[in-house]
Every structure is written in structure tokens, then in C-alpha cells.
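Worksheet for the structure shown next.
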Amino acid sequence: ASIFEGQDAAKVSRYRTYLKAAYQAANQAVQDFIDAVGTDEHGELNSNIFVVSDHGFAPFHTAVSINNLLASNGIDPTQVRAVTSGPAANIYIRLAGREPDGTVSQSEYLALQQQVVEILKNFFDTNPLYTLGSPKVPVFDQVHTRPVDLRDPDFGRSTNAVIGQDSGDVLALLSSGYNFDGTQNHVVIRQADPASTMPI
């Protein structure tokens, strides 16, 4: 076991040196850019330097199966599919007229979209090993929906500040500590979770 007090002290120490080496390498890379750009007589850089990352990083303790979550709540996988990346899930409804294989009518779309939202918003982790003293924590931090209007001739294609052209009909972001990536084969059930052939 590698949770809390069960961690291997030698491994923790070894990994700490890896982390320190990574920070030193990144720091040196930035210094190399500063040296290459140079400074003026006042010590100001001769050019702006931007240090960016493609995304942030945070530790996670639980891999979530969005497909098992949806299926266990009665969502038909022939009508709804989820595409995940890190802590984000884009959930697409196979809307007739928009998807090549779409079979879901506009009224069914609205009902499915709302059903998916309710499933995600009401999904809580109650395992005390992962709730940090709370009786439950929400597994999803944010849930956004594609704006829809039955009078809109482009029904199912509208966007807003959060939902882009290629976003799902529901876009959901997991709370810190949860991730969609890193699922293990064979599935490892978390300590104190019930045994399941289809764990969420």
C-alpha cells in the first residue's frame, strides 16, 4: 500500500531527489534563455521571456470511469459518449441531424443533457479515506452545458464562453484529487470501496 502512513520511505526519498533534479533542470533552462537574451545597462532583459506549460499538475488519488458512472445510472452508450482527458470530460449526445449516426431527437437531447448534468452534480465520494474528514465531497467541481434553444435552427451547435464548437454537450471538470487518466488493468478497487465488477 502506498497511501498515507503505508508509503515506502526509501521510495519517497528517491522520488524527492527526482523532483529536486527536475526543478533544477527547469531553472537552468530558464537561466539559459535569460543569458541568451541578455540585459541592458540597467539590468533589464533585452526581450520579454514567457515561461509556460501546456497544463498544470496536481496529484490525484482516484481514477474515475465516466463510462461506468453513466452506465450505472441508466445512460444508453448508443446515445451518449464521453471523451476524457486528464480531469476533463466532454460528453456528447448523438443528436439527429448533427451527428452522422445521430438518433436522438431534440426533446430527447434536452432530457438526456439534464439527466447527465444531474448524475454528475450528484456524484459524491463518501469513502472517508478520500474525503479529508468531510462526510462527502463532490467528485465534479464544474459542470457546464451547451446552450440550447428549441427555436434555434442550429440547435445543438451553440457556444458560449465555456462551451466551444467542439466541446461536448456537457463539459465536466473533476475536483482536485480525481482524474480520468491512469486507469489500471486489472482495475484496482480503492481501500474501503465496495467490490464491484464495474467500479466507478
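The way I read the labels, and the way they are meant: chains A, B, ... in the order of the C-alpha cells, residue 1 as the first residue of every chain, and ligand 1 as the first ligand shown, with later ones counted on from there.
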Selection near Asn67 in chain A, 9 Å with only C-alpha atoms, sequence-local residues under 6 positions removed, as a VMD selection string: chain A and resid 77 81 to 82 200
Could you dump the residues just selected with N, CA, C and O atoms as a PDB file, in the first residue's frame?
ATOM      1  N   PRO A  77     -25.210   3.940 -23.864  1.00  0.00           N
ATOM      2  CA  PRO A  77     -23.980   4.329 -24.562  1.00  0.00           C
ATOM      3  C   PRO A  77     -24.151   4.488 -26.071  1.00  0.00           C
ATOM      4  O   PRO A  77     -23.279   5.039 -26.728  1.00  0.00           O
ATOM      5  N   ARG A  81     -21.863   9.499 -25.454  1.00  0.00           N
ATOM      6  CA  ARG A  81     -20.492   9.015 -25.327  1.00  0.00           C
ATOM      7  C   ARG A  81     -19.652  10.088 -24.643  1.00  0.00           C
ATOM      8  O   ARG A  81     -19.903  11.286 -24.785  1.00  0.00           O
ATOM      9  N   ALA A  82     -18.661   9.627 -23.900  1.00  0.00           N
ATOM     10  CA  ALA A  82     -17.789  10.549 -23.172  1.00  0.00           C
ATOM     11  C   ALA A  82     -16.373  10.427 -23.698  1.00  0.00           C
ATOM     12  O   ALA A  82     -15.881   9.335 -23.964  1.00  0.00           O
ATOM     13  N   ILE A 200     -16.877   2.565 -10.438  1.00  0.00           N
ATOM     14  CA  ILE A 200     -16.880   3.925 -10.967  1.00  0.00           C
ATOM     15  C   ILE A 200     -15.574   4.609 -10.568  1.00  0.00           C
ATOM     16  O   ILE A 200     -14.979   5.321 -11.342  1.00  0.00           O
TER      17      ILE A 200
END
Selection: 12 Å around Phe155 in chain A, only C-alpha atoms, excl. self and same-chain fewer than 3 positions, as an MDAnalysis selection string: chainID A and resid 95:98 105:107 109:110 146:152 158:159 169
Keeping only all heavy atoms, write the selected residues to a file as a short mmCIF file (atom, residue, chain, number, x, y, z; two decimals), in the first residue's frame.
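This is the output file again18.cif:
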data_model
loop_
_atom_site.label_atom_id
_atom_site.label_comp_id
_atom_site.auth_asym_id
_atom_site.auth_seq_id
_atom_site.Cartn_x
_atom_site.Cartn_y
_atom_site.Cartn_z
N LEU A 95 -27.06 13.59 -31.35
CA LEU A 95 -28.19 14.38 -31.83
C LEU A 95 -28.45 14.13 -33.32
O LEU A 95 -27.55 14.26 -34.15
CB LEU A 95 -27.93 15.87 -31.58
CG LEU A 95 -28.99 16.85 -32.03
CD1 LEU A 95 -30.31 16.62 -31.28
CD2 LEU A 95 -28.51 18.29 -31.81
N ALA A 96 -29.68 13.78 -33.65
CA ALA A 96 -30.07 13.57 -35.05
C ALA A 96 -29.89 14.88 -35.82
O ALA A 96 -30.24 15.95 -35.33
CB ALA A 96 -31.52 13.10 -35.12
N GLY A 97 -29.31 14.78 -37.01
CA GLY A 97 -29.09 15.95 -37.84
C GLY A 97 -27.77 16.64 -37.59
O GLY A 97 -27.32 17.42 -38.41
N ARG A 98 -27.15 16.35 -36.46
CA ARG A 98 -25.83 16.93 -36.18
C ARG A 98 -24.74 15.87 -36.27
O ARG A 98 -23.71 16.09 -36.87
CB ARG A 98 -25.81 17.56 -34.78
CG ARG A 98 -24.48 18.25 -34.45
CD ARG A 98 -24.41 18.73 -33.03
NE ARG A 98 -24.36 17.59 -32.10
CZ ARG A 98 -24.35 17.72 -30.77
NH1 ARG A 98 -24.42 18.92 -30.23
NH2 ARG A 98 -24.31 16.65 -30.00
N SER A 105 -33.63 12.77 -30.73
CA SER A 105 -34.43 13.93 -31.12
C SER A 105 -34.08 15.12 -30.22
O SER A 105 -33.43 14.96 -29.19
CB SER A 105 -35.92 13.61 -31.00
OG SER A 105 -36.28 13.51 -29.63
N GLN A 106 -34.57 16.30 -30.60
CA GLN A 106 -34.29 17.49 -29.80
C GLN A 106 -34.85 17.37 -28.39
O GLN A 106 -34.19 17.74 -27.42
CB GLN A 106 -34.84 18.73 -30.50
CG GLN A 106 -34.08 19.10 -31.75
CD GLN A 106 -34.58 20.39 -32.39
OE1 GLN A 106 -35.59 20.96 -31.99
NE2 GLN A 106 -33.87 20.84 -33.41
N SER A 107 -36.07 16.87 -28.26
CA SER A 107 -36.65 16.75 -26.92
C SER A 107 -35.92 15.69 -26.10
O SER A 107 -35.69 15.88 -24.89
CB SER A 107 -38.15 16.43 -26.99
OG SER A 107 -38.36 15.22 -27.68
N TYR A 109 -32.78 14.98 -26.52
CA TYR A 109 -31.50 15.62 -26.25
C TYR A 109 -31.58 16.43 -24.96
O TYR A 109 -30.72 16.31 -24.08
CB TYR A 109 -31.12 16.52 -27.43
CG TYR A 109 -29.91 17.40 -27.21
CD1 TYR A 109 -28.67 17.03 -27.71
CD2 TYR A 109 -30.01 18.61 -26.52
CE1 TYR A 109 -27.55 17.85 -27.53
CE2 TYR A 109 -28.91 19.42 -26.33
CZ TYR A 109 -27.68 19.04 -26.84
OH TYR A 109 -26.58 19.85 -26.65
N LEU A 110 -32.60 17.27 -24.86
CA LEU A 110 -32.76 18.11 -23.67
C LEU A 110 -32.88 17.27 -22.40
O LEU A 110 -32.27 17.58 -21.38
CB LEU A 110 -33.98 19.02 -23.82
CG LEU A 110 -33.87 20.10 -24.90
CD1 LEU A 110 -35.22 20.78 -25.10
CD2 LEU A 110 -32.80 21.12 -24.54
N ARG A 146 -23.97 22.84 -23.03
CA ARG A 146 -24.09 23.58 -24.29
C ARG A 146 -25.42 24.33 -24.25
O ARG A 146 -26.46 23.74 -23.93
CB ARG A 146 -24.07 22.62 -25.48
CG ARG A 146 -24.19 23.32 -26.84
CD ARG A 146 -24.05 22.35 -27.99
NE ARG A 146 -22.75 21.69 -28.01
CZ ARG A 146 -21.61 22.27 -28.44
NH1 ARG A 146 -21.63 23.51 -28.88
NH2 ARG A 146 -20.48 21.60 -28.42
N PRO A 147 -25.42 25.62 -24.55
CA PRO A 147 -26.69 26.35 -24.56
C PRO A 147 -27.58 25.86 -25.70
O PRO A 147 -27.09 25.61 -26.80
CB PRO A 147 -26.27 27.81 -24.75
CG PRO A 147 -24.91 27.75 -25.36
CD PRO A 147 -24.28 26.46 -24.90
N VAL A 148 -28.86 25.69 -25.41
CA VAL A 148 -29.79 25.20 -26.43
C VAL A 148 -31.09 25.99 -26.40
O VAL A 148 -31.50 26.48 -25.35
CB VAL A 148 -30.10 23.69 -26.26
CG1 VAL A 148 -28.90 22.85 -26.63
CG2 VAL A 148 -30.55 23.38 -24.86
N ASP A 149 -31.70 26.11 -27.56
CA ASP A 149 -32.97 26.80 -27.72
C ASP A 149 -33.73 26.05 -28.82
O ASP A 149 -33.24 25.95 -29.95
CB ASP A 149 -32.74 28.26 -28.10
CG ASP A 149 -34.01 29.06 -28.26
OD1 ASP A 149 -35.11 28.45 -28.37
OD2 ASP A 149 -33.93 30.29 -28.28
N LEU A 150 -34.89 25.53 -28.50
CA LEU A 150 -35.67 24.75 -29.47
C LEU A 150 -36.02 25.55 -30.71
O LEU A 150 -36.28 24.97 -31.77
CB LEU A 150 -36.94 24.20 -28.81
CG LEU A 150 -36.73 23.04 -27.85
CD1 LEU A 150 -38.01 22.74 -27.07
CD2 LEU A 150 -36.27 21.79 -28.60
N ARG A 151 -36.03 26.88 -30.62
CA ARG A 151 -36.36 27.71 -31.79
C ARG A 151 -35.16 27.97 -32.69
O ARG A 151 -35.29 28.50 -33.78
CB ARG A 151 -36.93 29.06 -31.32
CG ARG A 151 -38.22 28.91 -30.51
CD ARG A 151 -38.55 30.17 -29.77
NE ARG A 151 -37.47 30.39 -28.79
CZ ARG A 151 -37.43 31.36 -27.92
NH1 ARG A 151 -38.39 32.25 -27.88
NH2 ARG A 151 -36.44 31.49 -27.08
N ASP A 152 -33.96 27.58 -32.21
CA ASP A 152 -32.73 27.84 -32.94
C ASP A 152 -32.57 26.84 -34.09
O ASP A 152 -32.58 25.63 -33.86
CB ASP A 152 -31.54 27.72 -31.98
CG ASP A 152 -30.22 28.11 -32.61
OD1 ASP A 152 -30.16 28.30 -33.84
OD2 ASP A 152 -29.23 28.21 -31.87
N SER A 158 -24.78 25.69 -30.60
CA SER A 158 -24.49 26.98 -29.97
C SER A 158 -23.27 26.87 -29.05
O SER A 158 -22.97 25.80 -28.52
CB SER A 158 -25.69 27.46 -29.16
OG SER A 158 -26.79 27.70 -30.01
N THR A 159 -22.60 28.00 -28.86
CA THR A 159 -21.43 28.07 -28.00
C THR A 159 -21.62 29.19 -26.99
O THR A 159 -22.54 30.01 -27.11
CB THR A 159 -20.15 28.33 -28.82
OG1 THR A 159 -20.29 29.59 -29.50
CG2 THR A 159 -19.92 27.23 -29.85
N ASP A 169 -21.69 18.27 -25.27
CA ASP A 169 -22.98 18.86 -24.89
C ASP A 169 -23.01 19.11 -23.39
O ASP A 169 -23.77 19.94 -22.90
CB ASP A 169 -24.12 17.95 -25.33
CG ASP A 169 -24.10 17.81 -26.85
OD1 ASP A 169 -24.28 18.83 -27.54
OD2 ASP A 169 -23.89 16.68 -27.34
#
Once DSSP has gone over the backbone, tell me which residues of range 5-183 of chain A are in helix (DSSP H, G or I), as a PDB file with N, CA, C and O atoms, in the first residue's frame.
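Written file, states_10.pdb:
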ATOM      1  N   GLU A   5       0.277   6.587   5.723  1.00  0.00           N
ATOM      2  CA  GLU A   5       1.356   6.024   6.535  1.00  0.00           C
ATOM      3  C   GLU A   5       1.976   4.772   5.931  1.00  0.00           C
ATOM      4  O   GLU A   5       3.034   4.333   6.367  1.00  0.00           O
ATOM      5  N   GLY A   6       1.361   4.196   4.919  1.00  0.00           N
ATOM      6  CA  GLY A   6       1.883   2.982   4.311  1.00  0.00           C
ATOM      7  C   GLY A   6       2.933   3.237   3.239  1.00  0.00           C
ATOM      8  O   GLY A   6       3.367   2.309   2.570  1.00  0.00           O
ATOM      9  N   ALA A   9       9.316   4.637   2.631  1.00  0.00           N
ATOM     10  CA  ALA A   9      10.173   5.794   2.933  1.00  0.00           C
ATOM     11  C   ALA A   9      11.330   5.920   1.945  1.00  0.00           C
ATOM     12  O   ALA A   9      11.692   7.030   1.532  1.00  0.00           O
ATOM     13  N   ALA A  10      11.924   4.794   1.543  1.00  0.00           N
ATOM     14  CA  ALA A  10      13.037   4.839   0.591  1.00  0.00           C
ATOM     15  C   ALA A  10      12.569   5.358  -0.763  1.00  0.00           C
ATOM     16  O   ALA A  10      13.259   6.143  -1.417  1.00  0.00           O
ATOM     17  N   LYS A  11      11.386   4.918  -1.188  1.00  0.00           N
ATOM     18  CA  LYS A  11      10.846   5.379  -2.471  1.00  0.00           C
ATOM     19  C   LYS A  11      10.528   6.873  -2.405  1.00  0.00           C
ATOM     20  O   LYS A  11      10.832   7.618  -3.336  1.00  0.00           O
ATOM     21  N   VAL A  12       9.933   7.329  -1.300  1.00  0.00           N
ATOM     22  CA  VAL A  12       9.625   8.755  -1.140  1.00  0.00           C
ATOM     23  C   VAL A  12      10.906   9.575  -1.222  1.00  0.00           C
ATOM     24  O   VAL A  12      10.967  10.603  -1.899  1.00  0.00           O
ATOM     25  N   SER A  13      11.957   9.118  -0.551  1.00  0.00           N
ATOM     26  CA  SER A  13      13.240   9.821  -0.573  1.00  0.00           C
ATOM     27  C   SER A  13      13.830   9.855  -1.975  1.00  0.00           C
ATOM     28  O   SER A  13      14.310  10.888  -2.445  1.00  0.00           O
ATOM     29  N   ARG A  14      13.763   8.724  -2.676  1.00  0.00           N
ATOM     30  CA  ARG A  14      14.292   8.652  -4.040  1.00  0.00           C
ATOM     31  C   ARG A  14      13.518   9.579  -4.968  1.00  0.00           C
ATOM     32  O   ARG A  14      14.110  10.316  -5.755  1.00  0.00           O
ATOM     33  N   TYR A  15      12.197   9.563  -4.873  1.00  0.00           N
ATOM     34  CA  TYR A  15      11.384  10.426  -5.723  1.00  0.00           C
ATOM     35  C   TYR A  15      11.611  11.899  -5.401  1.00  0.00           C
ATOM     36  O   TYR A  15      11.528  12.752  -6.278  1.00  0.00           O
ATOM     37  N   ARG A  16      11.896  12.209  -4.135  1.00  0.00           N
ATOM     38  CA  ARG A  16      12.173  13.597  -3.764  1.00  0.00           C
ATOM     39  C   ARG A  16      13.410  14.094  -4.508  1.00  0.00           C
ATOM     40  O   ARG A  16      13.455  15.245  -4.960  1.00  0.00           O
ATOM     41  N   THR A  17      14.414  13.236  -4.686  1.00  0.00           N
ATOM     42  CA  THR A  17      15.603  13.655  -5.437  1.00  0.00           C
ATOM     43  C   THR A  17      15.272  13.855  -6.909  1.00  0.00           C
ATOM     44  O   THR A  17      15.817  14.749  -7.550  1.00  0.00           O
ATOM     45  N   TYR A  18      14.370  13.040  -7.464  1.00  0.00           N
ATOM     46  CA  TYR A  18      13.956  13.228  -8.854  1.00  0.00           C
ATOM     47  C   TYR A  18      13.269  14.579  -9.037  1.00  0.00           C
ATOM     48  O   TYR A  18      13.506  15.294 -10.007  1.00  0.00           O
ATOM     49  N   LEU A  19      12.398  14.914  -8.082  1.00  0.00           N
ATOM     50  CA  LEU A  19      11.673  16.177  -8.153  1.00  0.00           C
ATOM     51  C   LEU A  19      12.639  17.355  -8.064  1.00  0.00           C
ATOM     52  O   LEU A  19      12.537  18.313  -8.840  1.00  0.00           O
ATOM     53  N   LYS A  20      13.586  17.276  -7.141  1.00  0.00           N
ATOM     54  CA  LYS A  20      14.578  18.348  -6.994  1.00  0.00           C
ATOM     55  C   LYS A  20      15.384  18.501  -8.283  1.00  0.00           C
ATOM     56  O   LYS A  20      15.618  19.622  -8.754  1.00  0.00           O
ATOM     57  N   ALA A  21      15.789  17.391  -8.886  1.00  0.00           N
ATOM     58  CA  ALA A  21      16.561  17.442 -10.132  1.00  0.00           C
ATOM     59  C   ALA A  21      15.736  18.066 -11.258  1.00  0.00           C
ATOM     60  O   ALA A  21      16.260  18.835 -12.076  1.00  0.00           O
ATOM     61  N   ALA A  22      14.441  17.757 -11.307  1.00  0.00           N
ATOM     62  CA  ALA A  22      13.578  18.331 -12.346  1.00  0.00           C
ATOM     63  C   ALA A  22      13.458  19.844 -12.181  1.00  0.00           C
ATOM     64  O   ALA A  22      13.525  20.594 -13.160  1.00  0.00           O
ATOM     65  N   TYR A  23      13.294  20.316 -10.930  1.00  0.00           N
ATOM     66  CA  TYR A  23      13.236  21.760 -10.681  1.00  0.00           C
ATOM     67  C   TYR A  23      14.553  22.435 -11.063  1.00  0.00           C
ATOM     68  O   TYR A  23      14.569  23.514 -11.666  1.00  0.00           O
ATOM     69  N   GLN A  24      15.674  21.793 -10.740  1.00  0.00           N
ATOM     70  CA  GLN A  24      16.968  22.373 -11.076  1.00  0.00           C
ATOM     71  C   GLN A  24      17.157  22.453 -12.587  1.00  0.00           C
ATOM     72  O   GLN A  24      17.658  23.458 -13.105  1.00  0.00           O
ATOM     73  N   ALA A  25      16.726  21.410 -13.308  1.00  0.00           N
ATOM     74  CA  ALA A  25      16.856  21.413 -14.763  1.00  0.00           C
ATOM     75  C   ALA A  25      15.987  22.504 -15.387  1.00  0.00           C
ATOM     76  O   ALA A  25      16.415  23.212 -16.302  1.00  0.00           O
ATOM     77  N   ALA A  26      14.755  22.657 -14.879  1.00  0.00           N
ATOM     78  CA  ALA A  26      13.862  23.708 -15.396  1.00  0.00           C
ATOM     79  C   ALA A  26      14.431  25.087 -15.095  1.00  0.00           C
ATOM     80  O   ALA A  26      14.415  25.986 -15.950  1.00  0.00           O
ATOM     81  N   ASN A  27      14.942  25.270 -13.896  1.00  0.00           N
ATOM     82  CA  ASN A  27      15.527  26.551 -13.506  1.00  0.00           C
ATOM     83  C   ASN A  27      16.715  26.892 -14.407  1.00  0.00           C
ATOM     84  O   ASN A  27      16.861  28.038 -14.861  1.00  0.00           O
ATOM     85  N   GLN A  28      17.554  25.909 -14.689  1.00  0.00           N
ATOM     86  CA  GLN A  28      18.712  26.148 -15.543  1.00  0.00           C
ATOM     87  C   GLN A  28      18.290  26.472 -16.969  1.00  0.00           C
ATOM     88  O   GLN A  28      18.906  27.326 -17.625  1.00  0.00           O
ATOM     89  N   ALA A  29      17.231  25.823 -17.448  1.00  0.00           N
ATOM     90  CA  ALA A  29      16.741  26.109 -18.804  1.00  0.00           C
ATOM     91  C   ALA A  29      16.278  27.560 -18.916  1.00  0.00           C
ATOM     92  O   ALA A  29      16.574  28.242 -19.902  1.00  0.00           O
ATOM     93  N   VAL A  30      15.578  28.062 -17.890  1.00  0.00           N
ATOM     94  CA  VAL A  30      15.143  29.461 -17.903  1.00  0.00           C
ATOM     95  C   VAL A  30      16.357  30.385 -17.843  1.00  0.00           C
ATOM     96  O   VAL A  30      16.433  31.395 -18.563  1.00  0.00           O
ATOM     97  N   GLN A  31      17.335  30.032 -17.015  1.00  0.00           N
ATOM     98  CA  GLN A  31      18.544  30.858 -16.931  1.00  0.00           C
ATOM     99  C   GLN A  31      19.273  30.907 -18.266  1.00  0.00           C
ATOM    100  O   GLN A  31      19.798  31.956 -18.653  1.00  0.00           O
ATOM    101  N   ASP A  32      19.290  29.783 -18.989  1.00  0.00           N
ATOM    102  CA  ASP A  32      19.925  29.762 -20.312  1.00  0.00           C
ATOM    103  C   ASP A  32      19.244  30.735 -21.266  1.00  0.00           C
ATOM    104  O   ASP A  32      19.906  31.419 -22.055  1.00  0.00           O
ATOM    105  N   PHE A  33      17.911  30.828 -21.197  1.00  0.00           N
ATOM    106  CA  PHE A  33      17.184  31.792 -22.034  1.00  0.00           C
ATOM    107  C   PHE A  33      17.532  33.221 -21.622  1.00  0.00           C
ATOM    108  O   PHE A  33      17.757  34.087 -22.475  1.00  0.00           O
ATOM    109  N   ILE A  34      17.577  33.471 -20.326  1.00  0.00           N
ATOM    110  CA  ILE A  34      17.919  34.813 -19.831  1.00  0.00           C
ATOM    111  C   ILE A  34      19.315  35.198 -20.315  1.00  0.00           C
ATOM    112  O   ILE A  34      19.531  36.321 -20.797  1.00  0.00           O
ATOM    113  N   ASP A  35      20.252  34.265 -20.217  1.00  0.00           N
ATOM    114  CA  ASP A  35      21.619  34.537 -20.671  1.00  0.00           C
ATOM    115  C   ASP A  35      21.661  34.805 -22.169  1.00  0.00           C
ATOM    116  O   ASP A  35      22.396  35.693 -22.635  1.00  0.00           O
ATOM    117  N   ALA A  36      20.878  34.052 -22.948  1.00  0.00           N
ATOM    118  CA  ALA A  36      20.871  34.224 -24.397  1.00  0.00           C
ATOM    119  C   ALA A  36      20.258  35.570 -24.799  1.00  0.00           C
ATOM    120  O   ALA A  36      20.721  36.216 -25.741  1.00  0.00           O
ATOM    121  N   VAL A  37      19.224  36.004 -24.087  1.00  0.00           N
ATOM    122  CA  VAL A  37      18.559  37.277 -24.392  1.00  0.00           C
ATOM    123  C   VAL A  37      19.435  38.450 -23.963  1.00  0.00           C
ATOM    124  O   VAL A  37      19.513  39.464 -24.649  1.00  0.00           O
ATOM    125  N   ILE A  66     -15.847   7.409 -16.219  1.00  0.00           N
ATOM    126  CA  ILE A  66     -17.057   8.142 -16.583  1.00  0.00           C
ATOM    127  C   ILE A  66     -18.062   7.220 -17.262  1.00  0.00           C
ATOM    128  O   ILE A  66     -19.275   7.337 -17.050  1.00  0.00           O
ATOM    129  N   ASN A  67     -17.572   6.270 -18.066  1.00  0.00           N
ATOM    130  CA  ASN A  67     -18.498   5.372 -18.756  1.00  0.00           C
ATOM    131  C   ASN A  67     -19.233   4.469 -17.773  1.00  0.00           C
ATOM    132  O   ASN A  67     -20.429   4.220 -17.926  1.00  0.00           O
ATOM    133  N   ASN A  68     -18.538   3.973 -16.741  1.00  0.00           N
ATOM    134  CA  ASN A  68     -19.208   3.171 -15.720  1.00  0.00           C
ATOM    135  C   ASN A  68     -20.203   4.009 -14.931  1.00  0.00           C
ATOM    136  O   ASN A  68     -21.286   3.535 -14.585  1.00  0.00           O
ATOM    137  N   LEU A  69     -19.844   5.265 -14.656  1.00  0.00           N
ATOM    138  CA  LEU A  69     -20.754   6.156 -13.930  1.00  0.00           C
ATOM    139  C   LEU A  69     -22.040   6.362 -14.723  1.00  0.00           C
ATOM    140  O   LEU A  69     -23.140   6.232 -14.187  1.00  0.00           O
ATOM    141  N   LEU A  70     -21.912   6.678 -16.003  1.00  0.00           N
ATOM    142  CA  LEU A  70     -23.089   6.919 -16.829  1.00  0.00           C
ATOM    143  C   LEU A  70     -23.923   5.646 -16.987  1.00  0.00           C
ATOM    144  O   LEU A  70     -25.147   5.674 -16.835  1.00  0.00           O
ATOM    145  N   ALA A  71     -23.260   4.530 -17.278  1.00  0.00           N
ATOM    146  CA  ALA A  71     -23.981   3.269 -17.486  1.00  0.00           C
ATOM    147  C   ALA A  71     -24.715   2.829 -16.221  1.00  0.00           C
ATOM    148  O   ALA A  71     -25.855   2.368 -16.286  1.00  0.00           O
ATOM    149  N   SER A  72     -24.086   3.004 -15.067  1.00  0.00           N
ATOM    150  CA  SER A  72     -24.719   2.578 -13.816  1.00  0.00           C
ATOM    151  C   SER A  72     -25.920   3.453 -13.462  1.00  0.00           C
ATOM    152  O   SER A  72     -26.726   3.083 -12.619  1.00  0.00           O
ATOM    153  N   GLN A 106     -34.567  16.299 -30.596  1.00  0.00           N
ATOM    154  CA  GLN A 106     -34.288  17.492 -29.801  1.00  0.00           C
ATOM    155  C   GLN A 106     -34.851  17.371 -28.391  1.00  0.00           C
ATOM    156  O   GLN A 106     -34.186  17.735 -27.419  1.00  0.00           O
ATOM    157  N   SER A 107     -36.072  16.871 -28.257  1.00  0.00           N
ATOM    158  CA  SER A 107     -36.655  16.748 -26.915  1.00  0.00           C
ATOM    159  C   SER A 107     -35.916  15.688 -26.097  1.00  0.00           C
ATOM    160  O   SER A 107     -35.686  15.877 -24.893  1.00  0.00           O
ATOM    161  N   GLU A 108     -35.504  14.598 -26.748  1.00  0.00           N
ATOM    162  CA  GLU A 108     -34.711  13.580 -26.045  1.00  0.00           C
ATOM    163  C   GLU A 108     -33.351  14.148 -25.643  1.00  0.00           C
ATOM    164  O   GLU A 108     -32.834  13.849 -24.565  1.00  0.00           O
ATOM    165  N   TYR A 109     -32.785  14.980 -26.518  1.00  0.00           N
ATOM    166  CA  TYR A 109     -31.496  15.621 -26.252  1.00  0.00           C
ATOM    167  C   TYR A 109     -31.580  16.428 -24.962  1.00  0.00           C
ATOM    168  O   TYR A 109     -30.723  16.310 -24.084  1.00  0.00           O
ATOM    169  N   LEU A 110     -32.605  17.272 -24.864  1.00  0.00           N
ATOM    170  CA  LEU A 110     -32.757  18.112 -23.670  1.00  0.00           C
ATOM    171  C   LEU A 110     -32.878  17.269 -22.403  1.00  0.00           C
ATOM    172  O   LEU A 110     -32.266  17.583 -21.377  1.00  0.00           O
ATOM    173  N   ALA A 111     -33.643  16.191 -22.480  1.00  0.00           N
ATOM    174  CA  ALA A 111     -33.824  15.318 -21.321  1.00  0.00           C
ATOM    175  C   ALA A 111     -32.512  14.618 -20.961  1.00  0.00           C
ATOM    176  O   ALA A 111     -32.143  14.539 -19.776  1.00  0.00           O
ATOM    177  N   LEU A 112     -31.780  14.116 -21.969  1.00  0.00           N
ATOM    178  CA  LEU A 112     -30.510  13.440 -21.708  1.00  0.00           C
ATOM    179  C   LEU A 112     -29.466  14.397 -21.156  1.00  0.00           C
ATOM    180  O   LEU A 112     -28.724  14.056 -20.232  1.00  0.00           O
ATOM    181  N   GLN A 113     -29.410  15.586 -21.721  1.00  0.00           N
ATOM    182  CA  GLN A 113     -28.452  16.580 -21.243  1.00  0.00           C
ATOM    183  C   GLN A 113     -28.697  16.873 -19.766  1.00  0.00           C
ATOM    184  O   GLN A 113     -27.768  16.875 -18.959  1.00  0.00           O
ATOM    185  N   GLN A 114     -29.949  17.078 -19.389  1.00  0.00           N
ATOM    186  CA  GLN A 114     -30.287  17.362 -17.992  1.00  0.00           C
ATOM    187  C   GLN A 114     -30.014  16.153 -17.103  1.00  0.00           C
ATOM    188  O   GLN A 114     -29.531  16.297 -15.978  1.00  0.00           O
ATOM    189  N   GLN A 115     -30.289  14.961 -17.606  1.00  0.00           N
ATOM    190  CA  GLN A 115     -30.044  13.741 -16.827  1.00  0.00           C
ATOM    191  C   GLN A 115     -28.545  13.581 -16.541  1.00  0.00           C
ATOM    192  O   GLN A 115     -28.153  13.263 -15.411  1.00  0.00           O
ATOM    193  N   VAL A 116     -27.712  13.810 -17.551  1.00  0.00           N
ATOM    194  CA  VAL A 116     -26.260  13.713 -17.367  1.00  0.00           C
ATOM    195  C   VAL A 116     -25.787  14.751 -16.353  1.00  0.00           C
ATOM    196  O   VAL A 116     -24.991  14.446 -15.455  1.00  0.00           O
ATOM    197  N   VAL A 117     -26.280  15.970 -16.463  1.00  0.00           N
ATOM    198  CA  VAL A 117     -25.906  17.025 -15.516  1.00  0.00           C
ATOM    199  C   VAL A 117     -26.246  16.613 -14.086  1.00  0.00           C
ATOM    200  O   VAL A 117     -25.432  16.761 -13.168  1.00  0.00           O
ATOM    201  N   GLU A 118     -27.443  16.089 -13.883  1.00  0.00           N
ATOM    202  CA  GLU A 118     -27.864  15.675 -12.535  1.00  0.00           C
ATOM    203  C   GLU A 118     -26.993  14.544 -12.000  1.00  0.00           C
ATOM    204  O   GLU A 118     -26.635  14.535 -10.816  1.00  0.00           O
ATOM    205  N   ILE A 119     -26.634  13.600 -12.854  1.00  0.00           N
ATOM    206  CA  ILE A 119     -25.764  12.496 -12.430  1.00  0.00           C
ATOM    207  C   ILE A 119     -24.429  13.048 -11.950  1.00  0.00           C
ATOM    208  O   ILE A 119     -23.932  12.675 -10.877  1.00  0.00           O
ATOM    209  N   LEU A 120     -23.844  13.948 -12.725  1.00  0.00           N
ATOM    210  CA  LEU A 120     -22.527  14.483 -12.390  1.00  0.00           C
ATOM    211  C   LEU A 120     -22.576  15.363 -11.142  1.00  0.00           C
ATOM    212  O   LEU A 120     -21.709  15.253 -10.267  1.00  0.00           O
ATOM    213  N   LYS A 121     -23.569  16.227 -11.060  1.00  0.00           N
ATOM    214  CA  LYS A 121     -23.662  17.127  -9.908  1.00  0.00           C
ATOM    215  C   LYS A 121     -23.989  16.398  -8.611  1.00  0.00           C
ATOM    216  O   LYS A 121     -23.682  16.893  -7.530  1.00  0.00           O
TER     217      LYS A 121
END
Strand (DSSP E) residues, from DSSP on the backbone, in range 63-143 of chain A, as an NGL selection string: :A and (63 or 80-85 or 88-93 or 124-125 or 137-138 or 140-143)
Could those residues be written to a file, using C-alpha atoms, as a JSON list (two decimals), in the first residue's frame?
[["chain", "number", "residue", "atom", "x", "y", "z"],
["A", 63, "ALA", "CA", -9.15, 7.35, -11.31],
["A", 80, "VAL", "CA", -24.27, 9.31, -25.19],
["A", 81, "ARG", "CA", -20.49, 9.02, -25.33],
["A", 82, "ALA", "CA", -17.79, 10.55, -23.17],
["A", 83, "VAL", "CA", -14.31, 11.63, -24.24],
["A", 84, "THR", "CA", -11.90, 12.34, -21.39],
["A", 85, "SER", "CA", -8.53, 13.99, -20.95],
["A", 88, "ALA", "CA", -11.97, 16.95, -18.14],
["A", 89, "ALA", "CA", -14.84, 15.07, -19.77],
["A", 90, "ASN", "CA", -16.66, 16.14, -22.91],
["A", 91, "ILE", "CA", -19.94, 14.25, -23.06],
["A", 92, "TYR", "CA", -21.59, 14.12, -26.48],
["A", 93, "ILE", "CA", -25.22, 13.29, -27.20],
["A", 124, "PHE", "CA", -20.18, 12.38, -4.27],
["A", 125, "ASP", "CA", -17.28, 10.46, -2.81],
["A", 137, "VAL", "CA", -17.09, 15.57, -1.34],
["A", 138, "PRO", "CA", -18.30, 16.33, -4.87],
["A", 140, "PHE", "CA", -17.07, 17.00, -10.11],
["A", 141, "ASP", "CA", -16.01, 20.58, -9.47],
["A", 142, "GLN", "CA", -17.65, 22.11, -12.54],
["A", 143, "VAL", "CA", -20.41, 21.02, -14.90]]
